[in-house]
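coords_6.txt follows; it contains compact mmCIF, N, CA and C atoms.
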# COMPACT_ATOMS: atom_id res chain seq x y z
N MET A 101 47.40 24.92 107.78
CA MET A 101 47.31 23.63 107.16
C MET A 101 46.14 23.63 106.18
N SER A 102 46.39 23.29 104.98
CA SER A 102 45.35 23.30 103.95
C SER A 102 44.89 21.89 103.65
N TRP A 103 43.59 21.73 103.67
CA TRP A 103 43.01 20.41 103.38
C TRP A 103 42.38 20.43 102.01
N LYS A 104 42.68 19.44 101.24
CA LYS A 104 42.04 19.31 99.92
C LYS A 104 40.90 18.31 100.04
N LYS A 105 39.78 18.72 99.53
CA LYS A 105 38.65 17.80 99.56
C LYS A 105 38.86 16.76 98.47
N GLY A 106 38.71 15.54 98.85
CA GLY A 106 38.84 14.46 97.87
C GLY A 106 37.56 14.34 97.06
N ARG A 107 37.70 13.87 95.89
CA ARG A 107 36.53 13.66 95.06
C ARG A 107 35.81 12.40 95.50
N LYS A 108 34.50 12.48 95.40
CA LYS A 108 33.72 11.30 95.71
C LYS A 108 33.86 10.32 94.54
N PRO A 109 33.97 9.06 94.83
CA PRO A 109 34.07 8.11 93.73
C PRO A 109 32.75 8.07 92.95
N LYS A 110 32.87 7.91 91.65
CA LYS A 110 31.68 7.82 90.81
C LYS A 110 30.94 6.53 91.14
N VAL A 111 29.65 6.68 91.29
CA VAL A 111 28.83 5.51 91.59
C VAL A 111 28.22 5.02 90.29
N ARG A 112 28.55 3.83 89.95
CA ARG A 112 27.96 3.25 88.74
C ARG A 112 26.65 2.60 89.12
N ARG A 113 25.61 3.07 88.50
CA ARG A 113 24.30 2.51 88.79
C ARG A 113 24.01 1.37 87.84
N LYS A 114 23.44 0.35 88.39
CA LYS A 114 23.09 -0.80 87.59
C LYS A 114 21.84 -0.45 86.77
N SER A 115 21.87 -0.73 85.49
CA SER A 115 20.73 -0.41 84.65
C SER A 115 19.54 -1.30 85.02
N PHE A 116 18.36 -0.75 84.85
CA PHE A 116 17.13 -1.47 85.18
C PHE A 116 16.88 -2.50 84.09
N ASN A 117 16.88 -3.75 84.48
CA ASN A 117 16.68 -4.84 83.53
C ASN A 117 15.74 -5.86 84.16
N PRO A 118 14.42 -5.58 84.13
CA PRO A 118 13.47 -6.47 84.81
C PRO A 118 13.35 -7.81 84.11
N ASN A 119 13.14 -8.85 84.91
CA ASN A 119 12.92 -10.17 84.33
C ASN A 119 11.41 -10.43 84.20
N HIS A 120 11.05 -11.58 83.67
CA HIS A 120 9.65 -11.90 83.41
C HIS A 120 8.83 -11.91 84.71
N ASN A 121 9.38 -12.46 85.77
CA ASN A 121 8.65 -12.53 87.04
C ASN A 121 8.39 -11.13 87.62
N TYR A 122 9.35 -10.22 87.48
CA TYR A 122 9.17 -8.86 87.98
C TYR A 122 8.05 -8.16 87.23
N VAL A 123 8.04 -8.30 85.91
CA VAL A 123 7.01 -7.66 85.09
C VAL A 123 5.64 -8.25 85.42
N LYS A 124 5.56 -9.58 85.55
CA LYS A 124 4.28 -10.22 85.85
C LYS A 124 3.75 -9.75 87.19
N SER A 125 4.60 -9.68 88.22
CA SER A 125 4.12 -9.23 89.53
C SER A 125 3.71 -7.76 89.49
N ALA A 126 4.41 -6.93 88.73
CA ALA A 126 4.04 -5.52 88.61
C ALA A 126 2.69 -5.37 87.91
N VAL A 127 2.45 -6.15 86.86
CA VAL A 127 1.17 -6.10 86.14
C VAL A 127 0.06 -6.59 87.06
N ASP A 128 0.28 -7.68 87.78
CA ASP A 128 -0.74 -8.21 88.70
C ASP A 128 -1.10 -7.17 89.76
N GLU A 129 -0.10 -6.50 90.32
CA GLU A 129 -0.36 -5.48 91.34
C GLU A 129 -1.12 -4.30 90.74
N TYR A 130 -0.75 -3.89 89.54
CA TYR A 130 -1.42 -2.78 88.85
C TYR A 130 -2.90 -3.11 88.64
N LEU A 131 -3.19 -4.31 88.17
CA LEU A 131 -4.57 -4.72 87.93
C LEU A 131 -5.34 -4.85 89.25
N LYS A 132 -4.68 -5.35 90.29
CA LYS A 132 -5.32 -5.50 91.59
C LYS A 132 -5.73 -4.16 92.17
N ASN A 133 -4.96 -3.12 91.88
CA ASN A 133 -5.25 -1.78 92.39
C ASN A 133 -6.19 -0.99 91.49
N GLY A 134 -6.84 -1.66 90.55
CA GLY A 134 -7.85 -1.00 89.72
C GLY A 134 -7.37 -0.55 88.36
N GLY A 135 -6.14 -0.82 88.00
CA GLY A 135 -5.64 -0.42 86.69
C GLY A 135 -6.24 -1.28 85.58
N THR A 136 -6.26 -0.74 84.39
CA THR A 136 -6.76 -1.50 83.24
C THR A 136 -5.71 -1.50 82.14
N ILE A 137 -5.75 -2.52 81.33
CA ILE A 137 -4.83 -2.65 80.21
C ILE A 137 -5.66 -2.88 78.95
N LYS A 138 -5.42 -2.05 77.94
CA LYS A 138 -6.11 -2.22 76.66
C LYS A 138 -5.21 -3.00 75.72
N ARG A 139 -5.83 -3.78 74.87
CA ARG A 139 -5.08 -4.51 73.87
C ARG A 139 -4.68 -3.54 72.76
N ILE A 140 -3.43 -3.57 72.40
CA ILE A 140 -2.92 -2.70 71.34
C ILE A 140 -2.55 -3.58 70.16
N GLU A 141 -3.08 -3.22 69.01
CA GLU A 141 -2.78 -3.97 67.79
C GLU A 141 -1.96 -3.11 66.85
N ILE A 142 -1.04 -3.73 66.17
CA ILE A 142 -0.16 -3.03 65.24
C ILE A 142 -0.91 -2.73 63.95
N ASP A 143 -0.83 -1.49 63.52
CA ASP A 143 -1.40 -1.07 62.23
C ASP A 143 -0.22 -0.93 61.28
N GLU A 144 -0.02 -1.93 60.44
CA GLU A 144 1.16 -1.98 59.57
C GLU A 144 1.22 -0.78 58.62
N GLU A 145 0.07 -0.33 58.11
CA GLU A 145 0.07 0.82 57.19
C GLU A 145 0.53 2.09 57.89
N ALA A 146 0.04 2.32 59.11
CA ALA A 146 0.43 3.51 59.85
C ALA A 146 1.93 3.46 60.17
N TYR A 147 2.43 2.28 60.49
CA TYR A 147 3.85 2.13 60.80
C TYR A 147 4.69 2.45 59.57
N GLN A 148 4.31 1.92 58.42
CA GLN A 148 5.06 2.18 57.19
C GLN A 148 5.04 3.67 56.84
N ALA A 149 3.88 4.33 57.02
CA ALA A 149 3.79 5.77 56.76
C ALA A 149 4.70 6.55 57.71
N PHE A 150 4.75 6.13 58.96
CA PHE A 150 5.61 6.79 59.95
C PHE A 150 7.08 6.64 59.56
N ILE A 151 7.48 5.46 59.16
CA ILE A 151 8.86 5.22 58.77
C ILE A 151 9.23 6.07 57.56
N LYS A 152 8.35 6.14 56.57
CA LYS A 152 8.63 6.95 55.38
C LYS A 152 8.78 8.42 55.75
N MET A 153 7.94 8.89 56.67
CA MET A 153 8.00 10.28 57.09
C MET A 153 9.33 10.55 57.80
N GLN A 154 9.77 9.62 58.66
CA GLN A 154 11.03 9.79 59.37
C GLN A 154 12.21 9.78 58.40
N ASP A 155 12.18 8.88 57.41
CA ASP A 155 13.25 8.81 56.43
C ASP A 155 13.33 10.08 55.60
N ALA A 156 12.17 10.62 55.22
CA ALA A 156 12.15 11.83 54.40
C ALA A 156 12.76 13.00 55.17
N ALA A 157 12.43 13.15 56.43
CA ALA A 157 12.98 14.24 57.22
C ALA A 157 14.49 14.09 57.36
N ALA A 158 14.95 12.87 57.57
CA ALA A 158 16.38 12.63 57.69
C ALA A 158 17.09 12.91 56.37
N ASP A 159 16.51 12.45 55.27
CA ASP A 159 17.11 12.70 53.96
C ASP A 159 17.18 14.19 53.65
N GLU A 160 16.10 14.91 53.95
CA GLU A 160 16.07 16.33 53.70
C GLU A 160 17.14 17.05 54.52
N PHE A 161 17.26 16.65 55.77
CA PHE A 161 18.26 17.26 56.64
C PHE A 161 19.67 17.01 56.14
N LEU A 162 19.96 15.76 55.76
CA LEU A 162 21.31 15.42 55.32
C LEU A 162 21.64 16.03 53.97
N ASN A 163 20.67 16.13 53.07
CA ASN A 163 20.94 16.66 51.73
C ASN A 163 21.03 18.17 51.70
N SER A 164 20.24 18.85 52.52
CA SER A 164 20.22 20.31 52.45
C SER A 164 21.13 20.97 53.50
N GLY A 165 21.47 20.21 54.52
CA GLY A 165 22.30 20.79 55.56
C GLY A 165 21.52 21.58 56.58
N LYS A 166 20.22 21.65 56.41
CA LYS A 166 19.36 22.32 57.38
C LYS A 166 18.00 21.67 57.38
N LEU A 167 17.26 21.88 58.43
CA LEU A 167 15.94 21.26 58.55
C LEU A 167 14.85 22.26 58.36
As structure tokens, how would this structure be written, given the file I've shared?
Amino acid sequence: MSWKKGRKPKVRRKSFNPNHNYVKSAVDEYLKNGGTIKRIEIDEEAYQAFIKMQDAAADEFLNSGKL
């Protein structure tokens, strides 16, 4: 008698989608345990330079067919 092993059903995992209360409690716990958070400010010039650099690499790749 030959038995065929059945396939396990695929388990769909729910994507992680934290709400505001979850994030707030995680931050509070992190700070309570000695963690620190630095303020990060956006540098618009650095961002624009980064975007131009990314566009140039993409354009070069698409136009030449190689990187």
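Note that the spacing between atom C of A:His120 and atom CA of A:Lys132 amounts to 17.0 Å.
You will find atom CA of A:Lys138 at 24.8 Å from atom CA of A:Phe116.
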**Request:** List every residue of stretch 102-140 of chain A that DSSP, applied to the backbone, labels as alpha helix (DSSP H), and write the result as an NGL selection string.
**Result:** :A and (120-132)
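Across the structure, atom C of A:Val123 and atom N of A:Gln148 are spaced 28.9 Å apart.
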